[in-house]
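Okay, structure_11.txt is below, compact mmCIF, C-alpha atoms and all ligand atoms:
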```
# COMPACT_ATOMS: atom_id res chain seq x y z
CA MET G 1 15.51 -43.83 5.50
CA GLN G 2 15.73 -41.96 2.21
CA THR G 3 13.47 -38.96 1.61
CA ILE G 4 12.48 -37.17 -1.58
CA THR G 5 15.16 -34.55 -0.77
CA SER G 6 17.92 -37.08 -0.05
CA ILE G 7 17.15 -38.93 -3.29
CA LYS G 8 17.17 -35.65 -5.21
CA ASN G 9 20.59 -34.89 -3.71
CA SER G 10 22.10 -38.26 -4.63
CA LYS G 11 23.13 -37.41 -8.18
CA SER G 12 26.52 -39.00 -9.01
CA LYS G 13 26.88 -40.53 -5.53
CA THR G 14 26.59 -44.19 -4.41
CA PRO G 15 24.19 -45.79 -6.91
CA LEU G 16 20.58 -45.91 -5.73
CA VAL G 17 18.94 -49.33 -5.37
CA MET G 18 15.25 -49.60 -6.23
CA ILE G 19 13.24 -52.83 -6.40
CA THR G 20 9.55 -53.49 -6.97
CA ALA G 21 7.22 -55.06 -4.40
CA TYR G 22 3.51 -55.77 -4.56
CA ASP G 23 2.68 -57.08 -1.09
CA ALA G 24 3.58 -56.71 2.57
CA LEU G 25 5.41 -60.02 2.82
CA PHE G 26 8.04 -59.12 0.24
CA SER G 27 8.22 -55.40 1.07
CA SER G 28 9.05 -56.39 4.68
CA LEU G 29 12.04 -58.39 3.33
CA PHE G 30 13.26 -55.36 1.34
CA ASP G 31 12.53 -52.77 4.06
CA LYS G 32 15.55 -50.73 5.30
CA LYS G 33 17.81 -52.47 2.77
CA VAL G 34 17.00 -50.77 -0.55
CA ASP G 35 16.70 -47.02 -1.14
CA ILE G 36 13.29 -47.11 -2.83
CA ILE G 37 10.49 -49.66 -3.21
CA LEU G 38 8.39 -49.20 -6.37
CA VAL G 39 4.87 -50.55 -6.48
CA GLY G 40 5.10 -50.91 -10.26
CA ASP G 41 2.19 -51.53 -12.58
CA SER G 42 4.44 -54.43 -13.67
CA LEU G 43 2.40 -56.23 -10.99
CA ASN G 44 -0.17 -56.77 -13.74
CA MET G 45 2.33 -59.06 -15.50
CA SER G 46 4.56 -60.49 -12.79
CA PHE G 47 1.87 -60.83 -10.12
CA ASN G 48 -1.29 -61.32 -12.21
CA LEU G 49 0.31 -62.91 -15.31
CA LYS G 50 -1.46 -60.52 -17.73
CA LYS G 51 0.26 -59.93 -21.06
CA ASP G 52 1.00 -56.23 -20.44
CA THR G 53 0.57 -53.55 -17.76
CA LEU G 54 -2.39 -51.77 -19.37
CA SER G 55 -5.30 -53.25 -17.43
CA ALA G 56 -3.96 -52.26 -14.00
CA THR G 57 -6.35 -49.75 -12.38
CA MET G 58 -6.07 -47.07 -9.70
CA ASP G 59 -7.95 -49.35 -7.29
CA THR G 60 -5.45 -52.16 -7.94
CA MET G 61 -2.47 -49.84 -7.42
CA ILE G 62 -3.94 -48.40 -4.20
CA TYR G 63 -4.66 -51.89 -2.83
CA HIS G 64 -1.10 -53.13 -3.48
CA THR G 65 0.52 -49.86 -2.33
CA LYS G 66 -1.31 -50.08 1.00
CA ALA G 67 0.00 -53.63 1.45
CA VAL G 68 3.57 -52.64 0.52
CA CYS G 69 3.44 -49.67 2.93
CA ALA G 70 2.23 -51.97 5.72
CA GLY G 71 5.28 -54.21 5.25
CA ALA G 72 7.92 -51.49 4.72
CA LYS G 73 7.55 -48.62 7.16
CA ASP G 74 11.16 -47.45 6.85
CA THR G 75 11.66 -47.25 3.10
CA LEU G 76 10.62 -44.60 0.59
CA ILE G 77 7.73 -46.04 -1.43
CA VAL G 78 6.64 -44.94 -4.90
CA CYS G 79 3.27 -45.88 -6.43
CA ASP G 80 3.11 -46.26 -10.21
CA MET G 81 0.24 -44.37 -11.83
CA PRO G 82 -1.49 -46.89 -14.12
CA PHE G 83 -2.45 -46.50 -17.77
CA GLY G 84 -5.40 -44.12 -18.26
CA ALA G 85 -5.10 -42.56 -14.80
CA TYR G 86 -3.39 -39.33 -15.89
CA THR G 87 -4.68 -38.43 -19.33
CA ASP G 88 -5.29 -34.80 -18.31
CA GLU G 89 -4.18 -32.59 -15.42
CA LYS G 90 -7.47 -32.75 -13.51
CA MET G 91 -7.68 -36.54 -13.64
CA ALA G 92 -3.98 -36.88 -12.75
CA LEU G 93 -4.37 -34.63 -9.70
CA LYS G 94 -7.48 -36.48 -8.53
CA ASN G 95 -5.86 -39.91 -8.88
CA ALA G 96 -2.44 -38.94 -7.51
CA SER G 97 -4.17 -37.28 -4.53
CA ARG G 98 -5.81 -40.66 -3.81
CA VAL G 99 -2.33 -42.16 -3.46
CA TYR G 100 -1.41 -39.62 -0.75
CA GLN G 101 -4.82 -39.77 0.96
CA GLU G 102 -5.29 -43.55 0.96
CA THR G 103 -1.70 -44.87 1.30
CA ASN G 104 1.61 -43.88 2.91
CA ALA G 105 3.52 -43.77 -0.38
CA GLN G 106 5.79 -40.73 -0.69
CA ALA G 107 5.59 -40.31 -4.47
CA VAL G 108 3.94 -41.38 -7.69
CA LYS G 109 5.58 -42.41 -10.97
CA ILE G 110 4.44 -41.12 -14.36
CA GLU G 111 5.46 -42.48 -17.77
CA GLY G 112 6.15 -39.81 -20.39
CA GLY G 113 8.62 -37.08 -21.33
CA GLU G 114 8.09 -33.69 -22.98
CA LYS G 115 4.45 -34.48 -23.87
CA ARG G 116 3.53 -35.32 -20.28
CA ALA G 117 5.55 -32.55 -18.57
CA HIS G 118 2.40 -30.44 -18.02
CA ILE G 119 0.87 -33.34 -16.06
CA ILE G 120 3.98 -33.71 -13.88
CA LYS G 121 4.02 -29.94 -13.28
CA THR G 122 0.38 -29.99 -12.13
CA LEU G 123 1.23 -32.65 -9.55
CA THR G 124 4.46 -31.09 -8.28
CA VAL G 125 2.95 -27.60 -7.86
CA ASN G 126 0.23 -29.30 -5.83
CA SER G 127 2.84 -30.89 -3.50
CA ILE G 128 2.84 -34.38 -4.95
CA ALA G 129 6.33 -35.80 -5.50
CA VAL G 130 6.81 -37.32 -8.95
CA MET G 131 9.30 -39.84 -10.29
CA GLY G 132 9.50 -39.55 -14.08
CA HIS G 133 9.87 -42.48 -16.50
CA ILE G 134 11.29 -42.06 -20.01
CA GLY G 135 12.77 -44.23 -22.77
CA LEU G 136 10.91 -47.50 -23.31
CA MET G 137 7.55 -46.94 -21.66
CA PRO G 138 5.55 -50.16 -21.16
CA GLN G 139 2.23 -48.27 -21.16
CA PHE G 140 2.84 -47.48 -24.86
CA VAL G 141 3.32 -51.14 -25.85
CA ARG G 142 0.02 -51.50 -27.73
CA SER G 143 0.07 -48.11 -29.48
CA GLU G 144 3.71 -48.59 -30.53
CA GLY G 145 3.33 -52.25 -31.50
CA GLY G 146 5.83 -53.73 -29.05
CA TYR G 147 8.66 -52.95 -26.65
CA LYS G 148 11.23 -50.90 -28.56
CA VAL G 149 14.74 -50.17 -27.27
CA ARG G 150 15.37 -46.42 -27.50
CA GLY G 151 18.39 -44.22 -28.16
CA LYS G 152 19.59 -45.91 -31.34
CA SER G 153 19.75 -42.77 -33.48
CA LYS G 154 21.08 -39.23 -32.97
CA GLU G 155 17.52 -37.84 -33.35
CA ASP G 156 16.11 -40.23 -30.75
CA ILE G 157 18.88 -39.42 -28.27
CA GLU G 158 18.15 -35.70 -28.77
CA GLN G 159 14.44 -36.37 -28.10
CA LEU G 160 15.25 -38.37 -24.96
CA ILE G 161 17.44 -35.55 -23.66
CA LYS G 162 14.56 -33.11 -24.31
CA ASP G 163 12.24 -35.52 -22.45
CA ALA G 164 14.58 -35.76 -19.44
CA LYS G 165 15.01 -31.98 -19.28
CA ALA G 166 11.26 -31.36 -19.53
CA VAL G 167 10.54 -33.86 -16.73
CA GLU G 168 13.23 -32.26 -14.55
CA GLU G 169 11.91 -28.77 -15.32
CA ALA G 170 8.39 -29.93 -14.35
CA GLY G 171 9.68 -30.71 -10.86
CA ALA G 172 10.28 -34.49 -10.81
CA PHE G 173 12.73 -35.61 -8.09
CA CYS G 174 14.28 -38.40 -10.17
CA ILE G 175 13.72 -40.25 -13.46
CA VAL G 176 13.58 -43.90 -14.46
CA ILE G 177 15.31 -44.51 -17.81
CA GLU G 178 14.13 -47.80 -19.29
CA GLY G 179 15.35 -49.78 -22.31
CA VAL G 180 17.86 -47.26 -23.67
CA ILE G 181 21.26 -47.96 -25.29
CA ALA G 182 23.86 -47.55 -22.53
CA GLU G 183 25.86 -44.73 -24.19
CA ALA G 184 22.65 -42.76 -24.79
CA ALA G 185 21.46 -43.32 -21.21
CA LYS G 186 24.81 -41.99 -19.96
CA GLU G 187 24.42 -38.87 -22.09
CA ILE G 188 20.82 -38.35 -20.91
CA SER G 189 21.86 -38.81 -17.29
CA GLN G 190 24.67 -36.29 -17.66
CA SER G 191 22.30 -33.74 -19.20
CA ILE G 192 20.19 -33.30 -16.05
CA ASN G 193 20.76 -32.55 -12.38
CA ILE G 194 18.29 -35.02 -10.82
CA PRO G 195 19.25 -38.69 -10.39
CA THR G 196 18.40 -41.28 -13.01
CA ILE G 197 17.49 -44.87 -12.19
CA GLY G 198 18.11 -47.29 -15.02
CA ILE G 199 16.52 -50.55 -16.12
CA GLY G 200 18.04 -51.95 -19.27
CA ALA G 201 19.95 -48.67 -19.58
CA GLY G 202 23.53 -49.70 -18.75
CA ALA G 203 25.76 -48.93 -15.79
CA ASP G 204 26.08 -45.15 -16.04
CA THR G 205 22.80 -44.05 -14.46
CA ASP G 206 22.61 -42.94 -10.81
CA GLY G 207 20.89 -46.16 -9.75
CA GLN G 208 19.24 -49.36 -10.91
CA VAL G 209 15.78 -50.89 -10.60
CA LEU G 210 14.65 -54.48 -11.16
CA VAL G 211 11.27 -56.15 -10.87
CA TRP G 212 11.63 -58.45 -7.86
CA SER G 213 10.22 -61.57 -9.52
CA ASP G 214 12.69 -61.12 -12.41
CA ALA G 215 15.65 -60.55 -10.09
CA PHE G 216 14.92 -63.63 -7.99
CA GLY G 217 13.89 -65.98 -10.79
CA PHE G 218 10.17 -66.30 -10.06
CA PHE G 219 8.88 -64.96 -13.38
CA ASN G 220 9.36 -67.42 -16.22
CA GLY G 221 7.20 -65.76 -18.92
CA PHE G 222 10.27 -64.31 -20.63
CA LYS G 223 13.68 -63.03 -19.52
CA PRO G 224 14.77 -59.72 -21.06
CA LYS G 225 18.52 -59.29 -21.71
CA PHE G 226 18.83 -56.68 -18.94
CA VAL G 227 17.60 -59.00 -16.18
CA LYS G 228 20.10 -60.68 -13.89
CA GLN G 229 18.57 -63.54 -11.88
CA TYR G 230 20.16 -63.52 -8.43
CA MET G 231 18.51 -66.83 -7.55
CA GLU G 232 16.36 -69.49 -9.20
CA GLY G 233 13.24 -68.79 -7.17
CA SER G 234 10.70 -70.88 -9.02
CA LYS G 235 13.06 -73.90 -9.07
CA LEU G 236 13.59 -73.61 -5.30
CA ILE G 237 9.83 -73.43 -4.71
CA GLU G 238 9.15 -76.38 -7.04
CA ASN G 239 11.75 -78.52 -5.24
CA ALA G 240 10.41 -77.58 -1.80
CA LEU G 241 6.84 -78.20 -2.95
CA ASP G 242 7.80 -81.64 -4.30
CA ASP G 243 9.36 -82.48 -0.90
CA TYR G 244 6.21 -81.35 0.92
CA ILE G 245 3.93 -83.37 -1.37
CA LYS G 246 6.15 -86.46 -1.01
CA GLU G 247 6.28 -86.20 2.79
CA VAL G 248 2.53 -85.72 3.20
CA ARG G 249 1.78 -88.65 0.91
CA SER G 250 4.31 -90.90 2.66
CA ARG G 251 3.13 -89.72 6.12
CA THR G 252 6.67 -88.54 7.03
CA PHE G 253 5.18 -85.06 7.65
CA PRO G 254 4.11 -84.12 10.25
CA ALA G 255 6.85 -85.74 12.36
CA LYS G 256 6.94 -85.85 16.18
CA GLU G 257 8.47 -82.33 16.44
CA HIS G 258 5.51 -80.85 14.50
CA THR G 259 2.90 -82.58 16.62
CA TYR G 260 1.19 -81.46 19.89
O1 LIG M 301 6.15 -51.08 -13.39
C1 LIG M 301 7.35 -51.19 -13.08
O2 LIG M 301 7.75 -52.09 -12.32
C2 LIG M 301 8.28 -50.22 -13.63
C3 LIG M 301 9.74 -50.51 -13.50
C4 LIG M 301 10.14 -51.56 -14.45
C5 LIG M 301 10.54 -49.27 -13.63
O3 LIG M 301 7.86 -49.24 -14.17
```

Transcribe the structure of this file into structure tokens.
Amino acid sequence: MQTITSIKNSKSKTPLVMITAYDALFSSLFDKKVDIILVGDSLNMSFNLKKDTLSATMDTMIYHTKAVCAGAKDTLIVCDMPFGAYTDEKMALKNASRVYQETNAQAVKIEGGEKRAHIIKTLTVNSIAVMGHIGLMPQFVRSEGGYKVRGKSKEDIEQLIKDAKAVEEAGAFCIVIEGVIAEAAKEISQSINIPTIGIGAGADTDGQVLVWSDAFGFFNGFKPKFVKQYMEGSKLIENALDDYIKEVRSRTFPAKEHTY
């Protein structure tokens, strides 16, 4: 099982595999296979079908993190800190402490670069492991008027490198880079010593993360360019459900072998 230290030491090694999970059933399928399970606030969209991640609360994240921990006892688990849960150091420490006290997650994730480094520092000096998250940050979707791919200009790349360095300096053990032009993500990754985990950030980060329902074709709201669907989950479920409905209505289920 990976630890915070082993992840920190995995810069430029075999790419890290992170996937999201929101419940014990799915986390038990991913347990011992992936390096990290992220209980992302993406659950607000892919699990609750809300239009963005902003209405997820600490209580919601704690509830789902407990479930994920129950299903995956041998995988490093990270709990996403939701929007509004870390607006100042005191609030961040109180809420991140809840994650350690009420769940078995090993770390929290915080969106924000240079401007949030003081928050990350407060957590890490108080023994809470932090995964950073820079680039396209979904918690900024309303204030920025949409999801904007980053790293398109020299100035933006310079800012992203500053963000990555500040997050590293504040003590984060790794950083998610989301929605960044591949060449820029490579440059950002090379500018720091902790591993980077990309999503929509090309192939040159130290690992990749996907939201499970995107990766397995269960989320049909929209499909961003960076998503690869490894199976057509919703189609498989629909077909199986149709078979079940047909068999119940035609009395072919239950058959003898399903009957006491
Ligand atoms: O909430 C989430 O699932 C995330 C990943 C997309 C990195 O933040």

Worksheet item: Within 10 Å of ligand LIG 301 (chain M), counting only C-alpha atoms and all ligand atoms: which residues, as a VMD selection string?
Response: chain G and resid 18 to 22 37 to 46 53 79 to 82 109 to 111 132 to 134 136 to 139 175 to 179 197 to 200 208 to 212

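Interatomic distance, atom CA of G:Ala172 against atom CA of G:Ser127: 11.0 Å.
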
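If you look at atom CA of G:Gly221 and atom CA of G:Gly135, they are 22.6 Å away from each other.
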
Practice problem: Pick out the closest residue to G:Gly71 from this set: G:Gln106, G:Asn126, G:Ser27, G:Asn48. Count only C-alpha atoms. | Solution: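 Using only C-alpha atoms, the shortest distance to G:Gly71 belongs to G:Ser27.
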
Here atom CA of G:Ile161 and atom CA of G:Glu114 stand apart by 9.6 Å

**Report entry** Distance criterion (only C-alpha atoms): nearest to G:Arg116 out of G:Tyr86, G:Phe226, G:Phe140, G:Phe173
**Finding:**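 Selected residue with least distance to G:Arg116: G:Tyr86.
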
With distances taken over only C-alpha atoms, the candidate from G:Glu102, G:Asp163, G:Asp214, G:Glu183 nearest G:Glu232 is G:Asp214

Using only C-alpha atoms, the shortest atom-to-atom distance to G:Glu168 among G:Lys73, G:Lys121, G:Lys186, G:Lys223 belongs to G:Lys121

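With all atoms listed in the file as the basis for measurement, G:Thr205 is the residue among G:Ala24, G:Thr205, G:Glu257, G:Ile119 that approaches G:Glu187 most closely.
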